[in-house]
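Shown next: entry.txt, given as compact mmCIF, C-alpha atoms.
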```txt
# COMPACT_ATOMS: atom_id res chain seq x y z
CA MET A 1 0.00 0.00 0.00
CA LEU A 2 1.18 3.47 -0.87
CA ASP A 3 1.06 6.19 1.76
CA ILE A 4 -0.64 9.50 0.95
CA TYR A 5 1.31 12.67 1.76
CA TYR A 6 -0.54 15.94 2.15
CA CYS A 7 0.18 19.56 2.92
CA SER A 8 -1.63 22.88 3.04
CA ILE A 9 -0.21 26.04 1.51
CA ASN A 10 -1.25 29.41 0.14
CA ILE A 11 -0.30 29.85 -3.50
CA GLY A 12 -1.47 32.69 -5.73
CA GLY A 13 -3.88 33.91 -3.08
CA TYR A 14 -5.56 30.49 -2.83
CA ASP A 15 -5.53 28.20 0.18
CA LEU A 16 -4.59 24.89 -1.41
CA HIS A 17 -4.34 21.39 0.00
CA LEU A 18 -2.21 18.93 -1.94
CA ALA A 19 -1.97 15.16 -1.61
CA SER A 20 0.30 12.75 -3.40
CA SER A 21 1.51 9.18 -3.38
CA GLU A 22 4.82 7.83 -4.62
CA LYS A 23 3.13 7.49 -8.03
CA GLY A 24 2.12 11.16 -8.29
CA LEU A 25 -0.35 13.84 -7.29
CA VAL A 26 -3.73 12.45 -6.21
CA ALA A 27 -5.68 15.53 -5.07
CA ILE A 28 -5.81 19.31 -4.87
CA GLY A 29 -8.29 21.06 -2.64
CA ILE A 30 -9.01 24.70 -3.47
CA GLU A 31 -10.35 26.99 -0.76
CA GLU A 32 -11.78 24.13 1.28
CA ILE A 33 -11.46 23.38 4.95
CA GLU A 34 -8.36 21.29 5.66
CA GLU A 35 -10.29 18.90 7.91
CA GLN A 36 -12.75 18.19 5.08
CA PHE A 37 -9.89 17.60 2.63
CA ILE A 38 -8.29 15.09 5.01
CA LYS A 39 -11.67 13.44 5.67
CA ASP A 40 -12.16 13.00 1.90
CA LEU A 41 -8.65 11.55 1.58
CA LYS A 42 -9.39 9.05 4.36
CA LYS A 43 -12.59 8.06 2.57
CA ASP A 44 -10.89 7.69 -0.82
CA PHE A 45 -7.76 6.01 0.55
CA SER A 46 -9.11 4.14 3.58
CA GLU A 47 -6.41 1.47 3.53
CA ARG A 48 -3.51 3.94 3.32
CA SER A 49 -1.81 6.14 5.86
CA ILE A 50 -2.46 9.87 5.42
CA ILE A 51 0.71 11.69 6.47
CA LEU A 52 1.46 15.41 6.71
CA ASN A 53 4.56 15.87 4.52
CA GLU A 54 5.14 19.10 2.62
CA ALA A 55 8.49 17.91 1.21
CA ALA A 56 6.78 15.07 -0.69
CA ASN A 57 4.65 17.69 -2.45
CA LEU A 58 7.42 20.16 -3.36
CA PRO A 59 7.36 19.38 -7.13
CA TYR A 60 3.63 20.15 -7.22
CA ILE A 61 4.01 23.26 -5.06
CA GLN A 62 6.73 24.53 -7.40
CA GLN A 63 4.70 23.97 -10.56
CA LEU A 64 1.52 25.48 -9.11
CA THR A 65 3.50 28.50 -7.87
CA GLU A 66 4.94 28.98 -11.37
CA PHE A 67 1.42 28.68 -12.85
CA PHE A 68 -0.02 31.34 -10.55
CA GLN A 69 2.97 33.61 -11.24
CA GLY A 70 2.25 33.33 -14.98
CA ASN A 71 5.47 31.40 -15.67
CA ARG A 72 3.98 27.95 -16.41
CA LYS A 73 1.40 26.95 -19.01
CA THR A 74 1.74 23.16 -18.82
CA PHE A 75 2.35 20.80 -15.94
CA THR A 76 4.86 17.96 -16.06
CA ALA A 77 4.62 16.47 -12.58
CA PRO A 78 3.29 12.91 -12.45
CA LEU A 79 -0.37 12.29 -11.65
CA HIS A 80 -1.85 9.30 -9.84
CA LEU A 81 -5.38 9.14 -11.24
CA ILE A 82 -7.99 7.32 -9.19
CA GLY A 83 -11.33 6.85 -10.95
CA THR A 84 -13.39 4.79 -13.35
CA LYS A 85 -12.25 4.04 -16.89
CA PHE A 86 -14.70 6.66 -18.20
CA GLN A 87 -13.56 9.31 -15.72
CA LYS A 88 -9.91 8.72 -16.63
CA GLN A 89 -10.82 9.00 -20.32
CA VAL A 90 -12.46 12.37 -19.68
CA TRP A 91 -9.56 13.57 -17.54
CA GLN A 92 -7.07 12.60 -20.26
CA ALA A 93 -9.12 14.66 -22.72
CA LEU A 94 -9.07 17.61 -20.30
CA LEU A 95 -5.28 17.41 -20.14
CA LYS A 96 -5.21 18.16 -23.89
CA ILE A 97 -6.99 21.53 -23.52
CA PRO A 98 -4.30 24.17 -24.02
CA PHE A 99 -3.64 26.98 -21.57
CA GLY A 100 -5.84 29.98 -22.39
CA LYS A 101 -8.43 27.96 -24.35
CA VAL A 102 -11.89 26.73 -23.42
CA VAL A 103 -14.03 23.90 -24.77
CA SER A 104 -17.59 22.78 -24.12
CA TYR A 105 -18.79 19.65 -22.39
CA LYS A 106 -20.02 18.55 -25.82
CA ASP A 107 -16.52 19.04 -27.27
CA ILE A 108 -15.10 16.69 -24.63
CA ALA A 109 -17.87 14.14 -25.26
CA VAL A 110 -17.03 14.20 -28.98
CA GLU A 111 -13.29 14.00 -28.20
CA ILE A 112 -13.78 10.76 -26.24
CA GLY A 113 -15.99 9.28 -28.96
CA ASN A 114 -19.28 9.53 -27.08
CA PRO A 115 -21.01 12.70 -28.39
CA LYS A 116 -24.18 12.22 -26.33
CA ALA A 117 -22.31 11.88 -23.02
CA MET A 118 -22.25 15.60 -22.16
CA ARG A 119 -23.92 15.10 -18.79
CA ALA A 120 -21.60 12.20 -17.95
CA VAL A 121 -18.62 14.36 -18.92
CA GLY A 122 -19.90 16.97 -16.47
CA MET A 123 -20.12 14.35 -13.73
CA ALA A 124 -16.56 13.16 -14.48
CA ASN A 125 -15.39 16.78 -14.25
CA ASN A 126 -17.12 17.01 -10.88
CA LYS A 127 -15.16 13.95 -9.68
CA ASN A 128 -11.82 15.41 -10.83
CA ARG A 129 -9.66 15.42 -7.68
CA ILE A 130 -6.79 17.29 -9.36
CA PRO A 131 -8.28 20.61 -10.50
CA ILE A 132 -6.03 23.25 -12.08
CA ILE A 133 -3.56 20.60 -13.30
CA ILE A 134 -6.38 18.58 -14.88
CA PRO A 135 -8.00 21.77 -16.17
CA CYS A 136 -11.72 21.19 -15.70
CA HIS A 137 -11.99 24.98 -15.26
CA ARG A 138 -11.45 25.22 -19.05
CA VAL A 139 -14.75 23.46 -19.77
CA ILE A 140 -17.76 25.72 -20.29
CA GLY A 141 -21.31 25.41 -21.56
CA SER A 142 -22.03 25.33 -25.30
CA ASN A 143 -23.50 28.82 -24.91
CA LYS A 144 -20.08 30.00 -23.57
CA LYS A 145 -21.45 30.43 -20.03
CA LEU A 146 -19.43 29.39 -17.02
CA VAL A 147 -21.14 26.37 -15.53
CA GLY A 148 -20.30 23.74 -12.96
CA TYR A 149 -17.17 24.09 -10.90
CA GLY A 150 -16.74 22.31 -7.58
CA GLY A 151 -14.85 25.21 -6.01
CA GLY A 152 -17.45 27.72 -7.18
CA LEU A 153 -17.81 29.74 -10.35
CA HIS A 154 -15.86 32.64 -8.83
CA ILE A 155 -12.76 30.41 -8.70
CA LYS A 156 -13.36 29.10 -12.23
CA GLU A 157 -13.66 32.68 -13.47
CA ARG A 158 -10.49 33.72 -11.66
CA LEU A 159 -8.51 30.78 -13.11
CA LEU A 160 -9.73 31.51 -16.64
CA LYS A 161 -8.87 35.21 -16.29
CA LEU A 162 -5.39 34.20 -15.09
CA GLU A 163 -5.07 32.38 -18.43
CA GLY A 164 -6.09 35.50 -20.35
CA ILE A 165 -9.68 34.52 -21.09
CA GLU A 166 -12.08 37.46 -21.13
CA ILE A 167 -15.28 36.94 -19.18
CA VAL A 168 -18.26 39.26 -18.87
CA LYS A 169 -21.24 38.36 -16.70
CA GLU A 170 -20.07 34.74 -16.30
CA LYS A 171 -19.73 34.29 -20.05
CA VAL A 172 -16.59 33.82 -22.16
CA VAL A 173 -16.41 36.60 -24.73
CA ASN A 174 -13.22 35.82 -26.65
```

Could I get this file's structure written as structure tokens?
Amino acid sequence: MLDIYYCSINIGGYDLHLASSEKGLVAIGIEEIEEQFIKDLKKDFSERSIILNEAANLPYIQQLTEFFQGNRKTFTAPLHLIGTKFQKQVWQALLKIPFGKVVSYKDIAVEIGNPKAMRAVGMANNKNRIPIIIPCHRVIGSNKKLVGYGGGLHIKERLLKLEGIEIVKEKVVN
């Protein structure tokens, strides 16, 4: 069994919680209560030890810091994806969305070869435990409106603006 190492840190004005295993990053919590983040880790990884260890998360801290400083557009740190085959398929498609671009839920459904699975794509996005790095914030409604983000639309909007995307009244305009 792999241990899970977590830490809490403020990066780019966000309170973030990070968790990783020896295989890679397993979770990022954005602006959530640390106790809830740990509780969710214990639920997801019930047979593993959850250990406070900032050093184990330094590669992720460094890359996220560079992202929020505007010096990183892609992430290279390893990820340890935990989910269903469908969820992993959606998350792999999300990883292909370039910095500063947005796509619709329908676009992702088409990308994975299941054009009618828009709602299921939305649910897979909701289960994404590694936001920012797996950029579910770059997925918007077909009408260009900001919809569905676990951390709240205000965080989604802020992340998109960081990437240079213009938003007016919760709608992408560029």

Query raised in the report: What is the CA of His154 (chain A)-CA of Asp15 (chain A) distance in Å, reported with one decimal?
Result: 14.4 Å

Query raised in the report: Separation of CA of Ile30 (chain A) and CA of Lys106 (chain A), in Å?
Result: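 Pair CA of Ile30 (chain A) / CA of Lys106 (chain A) returns 25.7 Å.
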
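CA of Ser21 (chain A) is found 7.3 Å from CA of His80 (chain A).
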
Query - Shortest interatomic distance to Glu31 (chain A) - which of A:Cys136, A:Val90, A:Gly152, A:Thr74, counting all atoms listed in the file - result: A:Gly152

Requested in this report: Rank nothing, just name the residue among A:Leu81, A:Gln87, A:Leu159, A:Val147 nearest to Phe67 (chain A), using all atoms listed in the file.
Outcome: A:Leu159

Report task. Identify, on the basis of only C-alpha atoms, every residue whose closest approach to Lys156 (chain A) does not exceed 10 Å; exclude the query and any residue fewer than 4 positions from it along the same chain; express the result as a list in words. Result ->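 Returned residues: Ile132, Pro135, Cys136, His137, Arg138, Val139, Ile140, Leu146, Val147, Gly148, Tyr149, Gly150, Gly151, Gly152, Leu160, Lys161, Leu162 and Glu170 of chain A.
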
Query raised in the report: Counting only C-alpha atoms, which of A:Ile133, A:Ile165, A:Ile4, A:Ala27 gets nearest to Trp91 (chain A)?
Result: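 Of A:Ile133, A:Ile165, A:Ile4, A:Ala27, the one nearest Trp91 (chain A) is A:Ile133, counting only C-alpha atoms.
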
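Residues in contact range of Arg72 (chain A), defined as at most 12 Å between all atoms listed in the file, with sequence neighbours fewer than 3 positions away removed, read Gln62, Gln63, Leu64, Thr65, Glu66, Phe67, Phe68, Gln69, Phe75, Thr76, Pro98, Phe99, Gly100, Ile132, Ile133, Leu162 and Glu163 of chain A.
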
Query - Close residues, Lys144 (chain A) itself excluded, 8 Å, only C-alpha atoms, min 4 positions apart in chain, as a list in words - result: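 These residues fall inside the cut-off: Ser104, Ile140, Lys171, Val172 and Val173 of chain A.
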
Put the listed atoms of region 45-64 of chain A in a box along x, y and z with 6 Å added on every side and give me the centre and edge lengths in Å to one decimal, as AutoDock Vina command-line options.
```
--center_x -0.3 --center_y 13.5 --center_z -1.9 --size_x 29.6 --size_y 36.0 --size_z 29.3
```

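Point (-12.0, 18.9, 2.0) has the following residues at most 12 Å away: Tyr6, Ser8, Asp15, Leu16, His17, Leu18, Ala19, Ala27, Ile28, Gly29, Ile30, Glu31, Glu32, Ile33, Glu34, Glu35, Gln36, Phe37, Ile38, Lys39, Asp40, Leu41, Lys42, Lys43, Asp44, Arg129, Gly150 and Gly151 of chain A (atoms considered: only C-alpha atoms).
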
Query - Among the residues A:Ala117, A:Ile108, A:Ile82, A:Cys7, the one that comes closest to Ile51 (chain A) [using all atoms listed in the file] - result: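 Of the candidates, the smallest distance to Ile51 (chain A) is held by A:Cys7.
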
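Distances to Tyr5 (chain A) were evaluated for A:Ile155, A:Val110, A:Leu52, A:Val26 using only C-alpha atoms, and the minimum falls at A:Leu52.
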
Query - Non-local contacts of Asn174 (chain A) (10 Å; only C-alpha atoms; under 5 positions in same chain excluded) as an MDAnalysis selection string - result: chainID A and resid 101:102 144 164:168

Requested in this report: Identify which of the residues A:Ile61, A:Glu22, A:Asn53, A:Ser142 lies closest to Ile9 (chain A), counting only C-alpha atoms when measuring atom-to-atom distances.
Outcome: A:Ile61

As a PDB file, in the frame of the given file, please: region 32-43 of chain A completed to all heavy atoms.
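Wrote it out as out.pdb, contents follow:
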```
ATOM      1  N   GLU A  32     -10.898  24.960   0.463  1.00  0.00           N
ATOM      2  CA  GLU A  32     -11.780  24.130   1.280  1.00  0.00           C
ATOM      3  C   GLU A  32     -11.159  23.961   2.651  1.00  0.00           C
ATOM      4  O   GLU A  32      -9.965  24.202   2.842  1.00  0.00           O
ATOM      5  CB  GLU A  32     -12.077  22.779   0.600  1.00  0.00           C
ATOM      6  CG  GLU A  32     -10.958  21.787   0.573  1.00  0.00           C
ATOM      7  CD  GLU A  32     -11.370  20.460  -0.058  1.00  0.00           C
ATOM      8  OE1 GLU A  32     -11.932  19.613   0.643  1.00  0.00           O
ATOM      9  OE2 GLU A  32     -11.104  20.287  -1.250  1.00  0.00           O
ATOM     10  N   ILE A  33     -11.936  23.559   3.581  1.00  0.00           N
ATOM     11  CA  ILE A  33     -11.460  23.380   4.950  1.00  0.00           C
ATOM     12  C   ILE A  33     -10.528  22.176   4.992  1.00  0.00           C
ATOM     13  O   ILE A  33     -10.850  21.105   4.453  1.00  0.00           O
ATOM     14  CB  ILE A  33     -12.652  23.213   5.910  1.00  0.00           C
ATOM     15  CG1 ILE A  33     -13.512  24.489   5.879  1.00  0.00           C
ATOM     16  CG2 ILE A  33     -12.196  22.882   7.309  1.00  0.00           C
ATOM     17  CD1 ILE A  33     -14.851  24.353   6.561  1.00  0.00           C
ATOM     18  N   GLU A  34      -9.368  22.353   5.615  1.00  0.00           N
ATOM     19  CA  GLU A  34      -8.360  21.290   5.660  1.00  0.00           C
ATOM     20  C   GLU A  34      -8.920  19.994   6.245  1.00  0.00           C
ATOM     21  O   GLU A  34      -8.655  18.904   5.730  1.00  0.00           O
ATOM     22  CB  GLU A  34      -7.148  21.748   6.477  1.00  0.00           C
ATOM     23  CG  GLU A  34      -6.041  20.715   6.523  1.00  0.00           C
ATOM     24  CD  GLU A  34      -4.808  21.202   7.268  1.00  0.00           C
ATOM     25  OE1 GLU A  34      -4.782  22.355   7.736  1.00  0.00           O
ATOM     26  OE2 GLU A  34      -3.870  20.403   7.372  1.00  0.00           O
ATOM     27  N   GLU A  35      -9.718  20.100   7.292  1.00  0.00           N
ATOM     28  CA  GLU A  35     -10.290  18.900   7.910  1.00  0.00           C
ATOM     29  C   GLU A  35     -11.165  18.128   6.927  1.00  0.00           C
ATOM     30  O   GLU A  35     -11.168  16.897   6.920  1.00  0.00           O
ATOM     31  CB  GLU A  35     -11.086  19.260   9.173  1.00  0.00           C
ATOM     32  CG  GLU A  35     -10.238  19.738  10.331  1.00  0.00           C
ATOM     33  CD  GLU A  35      -9.750  21.182  10.196  1.00  0.00           C
ATOM     34  OE1 GLU A  35     -10.319  21.970   9.396  1.00  0.00           O
ATOM     35  OE2 GLU A  35      -8.765  21.521  10.886  1.00  0.00           O
ATOM     36  N   GLN A  36     -11.908  18.855   6.080  1.00  0.00           N
ATOM     37  CA  GLN A  36     -12.750  18.190   5.080  1.00  0.00           C
ATOM     38  C   GLN A  36     -11.885  17.518   4.024  1.00  0.00           C
ATOM     39  O   GLN A  36     -12.178  16.415   3.572  1.00  0.00           O
ATOM     40  CB  GLN A  36     -13.719  19.184   4.432  1.00  0.00           C
ATOM     41  CG  GLN A  36     -14.696  18.544   3.456  1.00  0.00           C
ATOM     42  CD  GLN A  36     -15.599  17.512   4.121  1.00  0.00           C
ATOM     43  OE1 GLN A  36     -16.191  17.787   5.165  1.00  0.00           O
ATOM     44  NE2 GLN A  36     -15.695  16.324   3.551  1.00  0.00           N
ATOM     45  N   PHE A  37     -10.814  18.183   3.604  1.00  0.00           N
ATOM     46  CA  PHE A  37      -9.890  17.600   2.630  1.00  0.00           C
ATOM     47  C   PHE A  37      -9.309  16.292   3.158  1.00  0.00           C
ATOM     48  O   PHE A  37      -9.297  15.281   2.453  1.00  0.00           O
ATOM     49  CB  PHE A  37      -8.766  18.617   2.323  1.00  0.00           C
ATOM     50  CG  PHE A  37      -7.769  18.139   1.302  1.00  0.00           C
ATOM     51  CD1 PHE A  37      -8.086  18.123  -0.048  1.00  0.00           C
ATOM     52  CD2 PHE A  37      -6.498  17.727   1.689  1.00  0.00           C
ATOM     53  CE1 PHE A  37      -7.162  17.696  -0.998  1.00  0.00           C
ATOM     54  CE2 PHE A  37      -5.567  17.301   0.758  1.00  0.00           C
ATOM     55  CZ  PHE A  37      -5.899  17.285  -0.587  1.00  0.00           C
ATOM     56  N   ILE A  38      -8.875  16.291   4.407  1.00  0.00           N
ATOM     57  CA  ILE A  38      -8.290  15.090   5.010  1.00  0.00           C
ATOM     58  C   ILE A  38      -9.367  14.004   5.156  1.00  0.00           C
ATOM     59  O   ILE A  38      -9.112  12.825   4.882  1.00  0.00           O
ATOM     60  CB  ILE A  38      -7.642  15.419   6.365  1.00  0.00           C
ATOM     61  CG1 ILE A  38      -6.435  16.331   6.131  1.00  0.00           C
ATOM     62  CG2 ILE A  38      -7.236  14.152   7.111  1.00  0.00           C
ATOM     63  CD1 ILE A  38      -5.890  16.983   7.395  1.00  0.00           C
ATOM     64  N   LYS A  39     -10.560  14.395   5.550  1.00  0.00           N
ATOM     65  CA  LYS A  39     -11.670  13.440   5.670  1.00  0.00           C
ATOM     66  C   LYS A  39     -11.939  12.770   4.325  1.00  0.00           C
ATOM     67  O   LYS A  39     -12.121  11.543   4.259  1.00  0.00           O
ATOM     68  CB  LYS A  39     -12.923  14.161   6.179  1.00  0.00           C
ATOM     69  CG  LYS A  39     -14.121  13.274   6.390  1.00  0.00           C
ATOM     70  CD  LYS A  39     -15.307  14.093   6.909  1.00  0.00           C
ATOM     71  CE  LYS A  39     -16.537  13.241   7.019  1.00  0.00           C
ATOM     72  NZ  LYS A  39     -17.705  14.009   7.453  1.00  0.00           N
ATOM     73  N   ASP A  40     -11.947  13.562   3.240  1.00  0.00           N
ATOM     74  CA  ASP A  40     -12.160  13.000   1.900  1.00  0.00           C
ATOM     75  C   ASP A  40     -11.015  12.064   1.511  1.00  0.00           C
ATOM     76  O   ASP A  40     -11.246  11.025   0.895  1.00  0.00           O
ATOM     77  CB  ASP A  40     -12.311  14.112   0.864  1.00  0.00           C
ATOM     78  CG  ASP A  40     -13.610  14.884   1.017  1.00  0.00           C
ATOM     79  OD1 ASP A  40     -14.541  14.399   1.698  1.00  0.00           O
ATOM     80  OD2 ASP A  40     -13.693  15.994   0.458  1.00  0.00           O
ATOM     81  N   LEU A  41      -9.795  12.433   1.857  1.00  0.00           N
ATOM     82  CA  LEU A  41      -8.650  11.550   1.580  1.00  0.00           C
ATOM     83  C   LEU A  41      -8.811  10.217   2.301  1.00  0.00           C
ATOM     84  O   LEU A  41      -8.572   9.149   1.722  1.00  0.00           O
ATOM     85  CB  LEU A  41      -7.330  12.199   2.001  1.00  0.00           C
ATOM     86  CG  LEU A  41      -6.798  13.336   1.160  1.00  0.00           C
ATOM     87  CD1 LEU A  41      -5.543  13.919   1.799  1.00  0.00           C
ATOM     88  CD2 LEU A  41      -6.490  12.880  -0.264  1.00  0.00           C
ATOM     89  N   LYS A  42      -9.211  10.283   3.564  1.00  0.00           N
ATOM     90  CA  LYS A  42      -9.390   9.050   4.360  1.00  0.00           C
ATOM     91  C   LYS A  42     -10.489   8.173   3.762  1.00  0.00           C
ATOM     92  O   LYS A  42     -10.391   6.954   3.782  1.00  0.00           O
ATOM     93  CB  LYS A  42      -9.689   9.382   5.818  1.00  0.00           C
ATOM     94  CG  LYS A  42      -8.467   9.908   6.549  1.00  0.00           C
ATOM     95  CD  LYS A  42      -8.780  10.262   7.995  1.00  0.00           C
ATOM     96  CE  LYS A  42      -7.513  10.741   8.689  1.00  0.00           C
ATOM     97  NZ  LYS A  42      -7.750  11.155  10.066  1.00  0.00           N
ATOM     98  N   LYS A  43     -11.514   8.815   3.207  1.00  0.00           N
ATOM     99  CA  LYS A  43     -12.590   8.060   2.570  1.00  0.00           C
ATOM    100  C   LYS A  43     -12.093   7.418   1.274  1.00  0.00           C
ATOM    101  O   LYS A  43     -12.335   6.240   1.019  1.00  0.00           O
ATOM    102  CB  LYS A  43     -13.784   8.975   2.293  1.00  0.00           C
ATOM    103  CG  LYS A  43     -15.001   8.259   1.744  1.00  0.00           C
ATOM    104  CD  LYS A  43     -16.165   9.218   1.571  1.00  0.00           C
ATOM    105  CE  LYS A  43     -15.966   9.957   0.272  1.00  0.00           C
ATOM    106  NZ  LYS A  43     -17.064  10.831  -0.118  1.00  0.00           N
TER     107      LYS A  43
END
```
